[in-house]
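Note sheet for the following structure.
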Amino acid sequence: MATKRFLSLFPLLLAVSALTACTAPDGAAPPTPSSISTASATPTASETPASSLAVSGLDAPWSVAFHGTTALVSERDSARILELDGAGGAREVAVIDGVAAAGEGGLLGITVHDGHLYTYYTAGDENRIDRFALNGEPGSLSLGAAERVFDGIPAARNHNGGRIAFGPDGMLYATTGDAGDRQNAQDRESPGGKILRLTADGGMPQDNPFPDSPVYSLGHRNPQGIAWDADGTMYASEYGQDTWDELNVIELGGNYGWPEVEGIADQDGFIDPVQQWAPQDASPSGIVVVGDVILIANLRGERLREIPLTELTTSTEQLVGEHGRLRDVVLAPDGSVWAMTNNTDGRGAPAPDDDRIFPVDLG
C-alpha cells in the first residue's frame with residue numbers, strides 16, 4: 001500500500017426539477033427517450049422533460065457526484081466521466097487514463113470537493129484514488145492532470161468496493177473489497193476489505209483507530225455504499241457471500257467479522273449488522289440518508305429499500321422489479337431523490353433506453 005499526494009472532494013448533489021414519480025400518470029403513454037444505450041453510445045437529450053426522465057443511454061454507470069448544480073456520472077467499463085445538462089442530455093468530459101475494466105472492476109466511485117473530481121478505479125492489480133481539477137463552466141467542463149491520492153488497494157475481477165465520499169468530519173472515506181482474498185479483511189496491514197479514512201491530502205488522521213494506518217473499520221467483504229445521518233452516524237451497505245447481505249452502523253475501529261462470520265452471528269469481537277437480507281433480494285449498493293430514512297439501491301434484488309433511522313431493523317421496499325438493477329441513489333440540491341439503473345453491466349436485462357437516471361417519488 002502506498003499513500004501519495006491526496007486531495008479533497010466535495011459532497012454529491014444534482015440539479016433537478018421538482019420531485020415527481022418515475023412513471024407516467026395513469027392512462028398516459030410512458031416517456032419515449034430519443035437515445036438508445038449501446039456500448040459506444042453517447043447519451044443525448046430525451047424528448048421528455050427532465051422531471052420525467054433525467055438521462056438515458058448510459059453505459060454501465062456506477063456513481064453520481066455533483067459540481068455545484070451539475071451532475072457528473074462515471075461509467076465503469078468505458079472509463080468516461082459525463083456531465084448532465086439538467087434537460088436529459090449529457091456530454092463526455094473525459095476518459096480516465098489507466099482504468100483496466102474487467103469483471104466488477106473499472107471506473108467506480110466518484111465525488112467532488114473544492115473544485116476537484118475524485119475517482120476510484122481499477123488499474124491492473126490495484127485500485128487507486130486520483131483527483132483532477134475541474135475546469136471550465138457547466139456545458140464545457142474539462143479535467144486537469146491526474147494527481148495520485150492513494151493506491152495499493154487490492155484489486156481483482158470481483159470485490160473491489162469502490163465508493164468514496166467525504167464525511168461530515170471533512171475526511172475522505174473509501175470502501176474497499178477483499179479482492180477475492182478473504183484474509184485481507186482481517187489483516188490490518190492490508191487496505192483490502194476495509195473502510196479507509198484519509199485526510200484531504202492523503203495522510204493518516206491522528207485520530208484513526210490504528211496508528212499510522214488508513215483503516216477506519218475492518219472485516220468487510222465488499223462494502224458498496226456509505227452515508228451519514230444528521231448526527232454524524234455512519235452507515236454502510238455490504239455484499240455477503242451466499243447467505244446474508246448487510247446494513248452496518250460503522251464504528252471507529254469496528255470489526256465486522258468477514259470472513260469469520262456473515263450476517264448476524266452474535267459472536268464476541270465482531271459487530272453484527274443492524275439488518276440483513278438474502279442476496280437474491282438485495283445486493284445492496286449505493287445508499288443515501290434522506291431526512292429520517294436510509295435509502296439503499298439494490299442490484300440483484302432490483303428494488304429500492306427504505307429504512308427508518310428510528311427503527312433500523314425494519315424496512316419497506318419500492319420499485320420492486322420495475323427498473324431492473326439499481327446501482328446508486330442520490331439526493332439532489334433541491335431535495336429530489338434520483339436512482340440510477342445498472343442493467344448494461346453484463347448481469348442485467350437492459351431495456352432499449354438503459355441505463356438511466358430517474359427521479360423517485362418517496363410518497
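Simple scheme: letters A, B, ... for chains in C-alpha cells order, numbers from 1 for residues in each chain, numbers from 1 for ligands in the order shown.
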
Practice problem: Show which residues sit within 12 Å of Ser213 of chain A, as number ranges by chain. Count only C-alpha atoms, and ignore same-chain residues fewer than 2 positions away. | Solution: A: 1-3, 187-191, 194-199, 202-211, 215-218, 253

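Residues in contact range of segment 254-262 of chain A, defined as at most 6 Å between only C-alpha atoms, with sequence neighbours fewer than 4 positions away removed, read Arg182, Ser217, Leu218, Gly219, His220, Arg221, Phe270 and Ile271 of chain A.
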
File dump, residues just selected, all heavy atoms, as a tab-separated table (two decimals), in the first residue's frame:
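Below you can see selection-v5.tsv, which holds the result:
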chain	number	residue	atom	x	y	z
A	182	ARG	N	-9.93	-13.62	1.14
A	182	ARG	CA	-10.69	-13.40	2.37
A	182	ARG	C	-9.83	-12.86	3.51
A	182	ARG	O	-10.30	-12.08	4.34
A	182	ARG	CB	-11.37	-14.70	2.81
A	182	ARG	CG	-12.39	-15.23	1.84
A	182	ARG	CD	-13.04	-16.49	2.38
A	182	ARG	NE	-14.14	-16.94	1.53
A	182	ARG	CZ	-15.08	-17.77	1.96
A	182	ARG	NH1	-15.05	-18.25	3.19
A	182	ARG	NH2	-16.05	-18.14	1.14
A	217	SER	N	-12.39	0.89	9.68
A	217	SER	CA	-13.06	-0.33	10.14
A	217	SER	C	-12.60	-1.48	9.26
A	217	SER	O	-12.11	-1.28	8.14
A	217	SER	CB	-14.58	-0.19	10.09
A	217	SER	OG	-15.04	0.01	8.77
A	218	LEU	N	-12.73	-2.70	9.76
A	218	LEU	CA	-12.22	-3.88	9.06
A	218	LEU	C	-13.23	-5.01	9.11
A	218	LEU	O	-14.30	-4.88	9.69
A	218	LEU	CB	-10.88	-4.32	9.63
A	218	LEU	CG	-10.85	-4.86	11.07
A	218	LEU	CD1	-9.65	-5.80	11.25
A	218	LEU	CD2	-10.77	-3.74	12.08
A	219	GLY	N	-12.87	-6.14	8.47
A	219	GLY	CA	-13.76	-7.29	8.46
A	219	GLY	C	-14.90	-7.14	7.47
A	219	GLY	O	-16.00	-7.66	7.69
A	220	HIS	N	-14.63	-6.44	6.35
A	220	HIS	CA	-15.64	-6.25	5.32
A	220	HIS	C	-15.34	-7.14	4.12
A	220	HIS	O	-14.18	-7.31	3.73
A	220	HIS	CB	-15.68	-4.79	4.87
A	220	HIS	CG	-16.02	-3.83	5.96
A	220	HIS	ND1	-17.30	-3.72	6.48
A	220	HIS	CD2	-15.26	-2.92	6.63
A	220	HIS	CE1	-17.31	-2.78	7.41
A	220	HIS	NE2	-16.09	-2.29	7.53
A	221	ARG	N	-16.39	-7.64	3.49
A	221	ARG	CA	-16.21	-8.47	2.29
A	221	ARG	C	-16.21	-7.61	1.02
A	221	ARG	O	-15.27	-7.64	0.24
A	221	ARG	CB	-17.32	-9.52	2.19
A	221	ARG	CG	-17.21	-10.42	0.96
A	221	ARG	CD	-18.29	-11.49	1.00
A	221	ARG	NE	-18.22	-12.35	-0.17
A	221	ARG	CZ	-18.88	-12.15	-1.31
A	221	ARG	NH1	-19.68	-11.08	-1.44
A	221	ARG	NH2	-18.77	-12.99	-2.31
A	270	PHE	N	-16.92	-9.21	17.20
A	270	PHE	CA	-17.41	-8.75	15.91
A	270	PHE	C	-18.70	-7.96	16.08
A	270	PHE	O	-19.52	-8.26	16.97
A	270	PHE	CB	-17.67	-9.93	14.96
A	270	PHE	CG	-16.46	-10.78	14.71
A	270	PHE	CD1	-16.52	-12.16	14.88
A	270	PHE	CD2	-15.24	-10.21	14.33
A	270	PHE	CE1	-15.41	-12.95	14.66
A	270	PHE	CE2	-14.12	-10.99	14.11
A	270	PHE	CZ	-14.20	-12.36	14.27
A	271	ILE	N	-18.90	-6.96	15.23
A	271	ILE	CA	-20.10	-6.14	15.26
A	271	ILE	C	-21.10	-6.68	14.25
A	271	ILE	O	-20.79	-6.83	13.07
A	271	ILE	CB	-19.77	-4.67	14.96
A	271	ILE	CG1	-18.81	-4.12	16.00
A	271	ILE	CG2	-21.05	-3.83	14.90
A	271	ILE	CD1	-18.31	-2.72	15.69

Practice problem: Mind giving me the straight-line distance from atom CA of Thr341 of chain A to atom CA of Phe66 of chain A in Å, one decimal? | Solution: 17.8 Å

Exercise. Can you pull out every residue within 6 Å of segment 241-249 of chain A, counting only C-alpha atoms, but drop anything in the same chain fewer than 4 positions away, and send it as a PyMOL selection string?
Key: chain A and resi 234-237+263+273-279

Quiz prompt | Contacts of Asn135 of chain A at 12 Å (only C-alpha atoms; same-chain gap of 3+ positions) as a ChimeraX atom specification | solution = /A:67,93-94,114-117,132,138-145

Take the residues just selected and output them with all heavy atoms as an mmCIF file, in the first residue's frame.
data_model
loop_
_atom_site.group_PDB
_atom_site.id
_atom_site.type_symbol
_atom_site.label_atom_id
_atom_site.label_comp_id
_atom_site.auth_asym_id
_atom_site.auth_seq_id
_atom_site.Cartn_x
_atom_site.Cartn_y
_atom_site.Cartn_z
ATOM 1 N N HIS A 67 -21.033 18.823 -9.135
ATOM 2 C CA HIS A 67 -20.174 20.002 -9.153
ATOM 3 C C HIS A 67 -21.108 21.204 -9.199
ATOM 4 O O HIS A 67 -21.648 21.541 -10.253
ATOM 5 C CB HIS A 67 -19.278 19.944 -10.385
ATOM 6 C CG HIS A 67 -18.372 21.116 -10.555
ATOM 7 N ND1 HIS A 67 -17.654 21.658 -9.515
ATOM 8 C CD2 HIS A 67 -18.061 21.851 -11.664
ATOM 9 C CE1 HIS A 67 -16.942 22.676 -9.966
ATOM 10 N NE2 HIS A 67 -17.173 22.819 -11.259
ATOM 11 N N VAL A 93 -16.976 14.493 -20.575
ATOM 12 C CA VAL A 93 -15.990 15.418 -20.027
ATOM 13 C C VAL A 93 -14.585 14.895 -20.268
ATOM 14 O O VAL A 93 -13.681 15.638 -20.671
ATOM 15 C CB VAL A 93 -16.228 15.632 -18.519
ATOM 16 C CG1 VAL A 93 -15.122 16.495 -17.904
ATOM 17 C CG2 VAL A 93 -17.599 16.264 -18.286
ATOM 18 N N ALA A 94 -14.381 13.597 -20.017
ATOM 19 C CA ALA A 94 -13.053 12.996 -20.162
ATOM 20 C C ALA A 94 -13.174 11.485 -20.080
ATOM 21 O O ALA A 94 -14.186 10.943 -19.616
ATOM 22 C CB ALA A 94 -12.111 13.500 -19.072
ATOM 23 N N ASP A 114 -13.984 20.948 -3.329
ATOM 24 C CA ASP A 114 -13.065 22.079 -3.544
ATOM 25 C C ASP A 114 -12.570 22.172 -4.987
ATOM 26 O O ASP A 114 -11.373 22.352 -5.244
ATOM 27 C CB ASP A 114 -11.867 21.989 -2.600
ATOM 28 C CG ASP A 114 -12.239 22.351 -1.179
ATOM 29 O OD1 ASP A 114 -13.327 22.915 -0.977
ATOM 30 O OD2 ASP A 114 -11.437 22.068 -0.266
ATOM 31 N N GLY A 115 -13.485 22.032 -5.923
ATOM 32 C CA GLY A 115 -13.123 22.210 -7.314
ATOM 33 C C GLY A 115 -12.377 21.057 -7.951
ATOM 34 O O GLY A 115 -11.796 21.209 -9.026
ATOM 35 N N HIS A 116 -12.385 19.900 -7.298
ATOM 36 C CA HIS A 116 -11.704 18.713 -7.842
ATOM 37 C C HIS A 116 -12.669 17.531 -7.916
ATOM 38 O O HIS A 116 -13.542 17.365 -7.057
ATOM 39 C CB HIS A 116 -10.511 18.311 -6.975
ATOM 40 C CG HIS A 116 -9.348 19.236 -7.091
ATOM 41 N ND1 HIS A 116 -9.284 20.432 -6.410
ATOM 42 C CD2 HIS A 116 -8.192 19.154 -7.820
ATOM 43 C CE1 HIS A 116 -8.138 21.041 -6.697
ATOM 44 N NE2 HIS A 116 -7.471 20.293 -7.553
ATOM 45 N N LEU A 117 -12.475 16.720 -8.944
ATOM 46 C CA LEU A 117 -13.176 15.453 -9.073
ATOM 47 C C LEU A 117 -12.263 14.339 -8.575
ATOM 48 O O LEU A 117 -11.110 14.232 -8.990
ATOM 49 C CB LEU A 117 -13.531 15.179 -10.536
ATOM 50 C CG LEU A 117 -14.147 13.800 -10.811
ATOM 51 C CD1 LEU A 117 -15.569 13.731 -10.265
ATOM 52 C CD2 LEU A 117 -14.122 13.488 -12.307
ATOM 53 N N PHE A 132 -8.653 15.269 -9.954
ATOM 54 C CA PHE A 132 -8.459 16.117 -11.121
ATOM 55 C C PHE A 132 -9.115 17.465 -10.853
ATOM 56 O O PHE A 132 -10.239 17.526 -10.350
ATOM 57 C CB PHE A 132 -9.132 15.511 -12.358
ATOM 58 C CG PHE A 132 -8.735 14.091 -12.662
ATOM 59 C CD1 PHE A 132 -9.312 13.031 -11.965
ATOM 60 C CD2 PHE A 132 -7.793 13.808 -13.631
ATOM 61 C CE1 PHE A 132 -8.961 11.723 -12.244
ATOM 62 C CE2 PHE A 132 -7.441 12.500 -13.917
ATOM 63 C CZ PHE A 132 -8.019 11.454 -13.217
ATOM 64 N N PRO A 138 -20.207 24.795 -16.557
ATOM 65 C CA PRO A 138 -21.143 23.736 -16.955
ATOM 66 C C PRO A 138 -21.456 23.804 -18.443
ATOM 67 O O PRO A 138 -21.668 24.876 -19.001
ATOM 68 C CB PRO A 138 -22.383 24.041 -16.106
ATOM 69 C CG PRO A 138 -21.828 24.707 -14.882
ATOM 70 C CD PRO A 138 -20.679 25.540 -15.381
ATOM 71 N N GLY A 139 -21.422 22.666 -19.072
ATOM 72 C CA GLY A 139 -21.603 22.592 -20.511
ATOM 73 C C GLY A 139 -20.297 22.497 -21.261
ATOM 74 O O GLY A 139 -20.266 22.089 -22.434
ATOM 75 N N SER A 140 -19.199 22.853 -20.593
ATOM 76 C CA SER A 140 -17.872 22.761 -21.229
ATOM 77 C C SER A 140 -16.806 22.388 -20.206
ATOM 78 O O SER A 140 -15.669 22.832 -20.298
ATOM 79 C CB SER A 140 -17.512 24.086 -21.900
ATOM 80 O OG SER A 140 -17.481 25.146 -20.949
ATOM 81 N N LEU A 141 -17.172 21.594 -19.216
ATOM 82 C CA LEU A 141 -16.222 21.195 -18.183
ATOM 83 C C LEU A 141 -15.113 20.330 -18.767
ATOM 84 O O LEU A 141 -15.316 19.562 -19.712
ATOM 85 C CB LEU A 141 -16.938 20.417 -17.077
ATOM 86 C CG LEU A 141 -17.919 21.204 -16.197
ATOM 87 C CD1 LEU A 141 -18.629 20.264 -15.222
ATOM 88 C CD2 LEU A 141 -17.205 22.318 -15.444
ATOM 89 N N SER A 142 -13.924 20.439 -18.166
ATOM 90 C CA SER A 142 -12.800 19.583 -18.522
ATOM 91 C C SER A 142 -12.030 19.253 -17.248
ATOM 92 O O SER A 142 -12.239 19.876 -16.203
ATOM 93 C CB SER A 142 -11.881 20.266 -19.536
ATOM 94 O OG SER A 142 -11.314 21.448 -18.989
ATOM 95 N N LEU A 143 -11.140 18.274 -17.345
ATOM 96 C CA LEU A 143 -10.354 17.841 -16.198
ATOM 97 C C LEU A 143 -8.896 18.240 -16.373
ATOM 98 O O LEU A 143 -8.347 18.162 -17.475
ATOM 99 C CB LEU A 143 -10.440 16.327 -16.012
ATOM 100 C CG LEU A 143 -11.821 15.723 -15.786
ATOM 101 C CD1 LEU A 143 -11.684 14.225 -15.504
ATOM 102 C CD2 LEU A 143 -12.568 16.412 -14.657
ATOM 103 N N GLY A 144 -8.261 18.637 -15.270
ATOM 104 C CA GLY A 144 -6.831 18.877 -15.263
ATOM 105 C C GLY A 144 -6.062 17.571 -15.186
ATOM 106 O O GLY A 144 -6.626 16.479 -15.315
ATOM 107 N N ALA A 145 -4.771 17.676 -14.956
ATOM 108 C CA ALA A 145 -3.924 16.491 -14.874
ATOM 109 C C ALA A 145 -4.259 15.653 -13.649
ATOM 110 O O ALA A 145 -4.651 16.184 -12.600
ATOM 111 C CB ALA A 145 -2.451 16.911 -14.829
#

Quiz item: Counting only C-alpha atoms, what is within 7 Å of segment 151-163 of chain A, bar same-chain residues fewer than 2 positions away, as a count of residues only?
Solution: 30

Exercise. Just the residues within 9 Å of segment 322-339 of chain A, please, counting only C-alpha atoms, with nothing from its chain fewer than 6 positions along; format it as a PyMOL selection string.
Key: chain A and resi 12-20+54+61-66+68-69+225+284-290+295-304+347-351+356-362

Quiz item: What does the distance from atom CA of Thr70 of chain A to atom CA of Leu84 of chain A come to in Å, to one decimal?
Solution: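 Going from atom CA of Thr70 of chain A over to atom CA of Leu84 of chain A covers 6.5 Å.
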
Exercise. May I ask for the distance between atom CA of Asp85 of chain A and atom CA of Leu134 of chain A, given in Å to one decimal place?
Key: 16.0 Å

Practice problem: Report as JSON, numbers by chain: the residues of segment 193-234 of chain A with a DSSP assignment of strand (DSSP E or B), based on the backbone of this structure. | Solution: {"A": [194, 195, 196, 197, 198, 215, 216, 217, 218, 222, 223, 224, 225, 226, 227, 228, 234]}

Practice problem: Apply DSSP to the backbone of this structure and, from segment 82-312 of chain A, keep only the residues in helix (DSSP H, G or I); write these as a list in words. | Solution: Arg182, Gln183, Asn184, Ala185, Gln186, Pro279, Gln280 and Asp281 of chain A
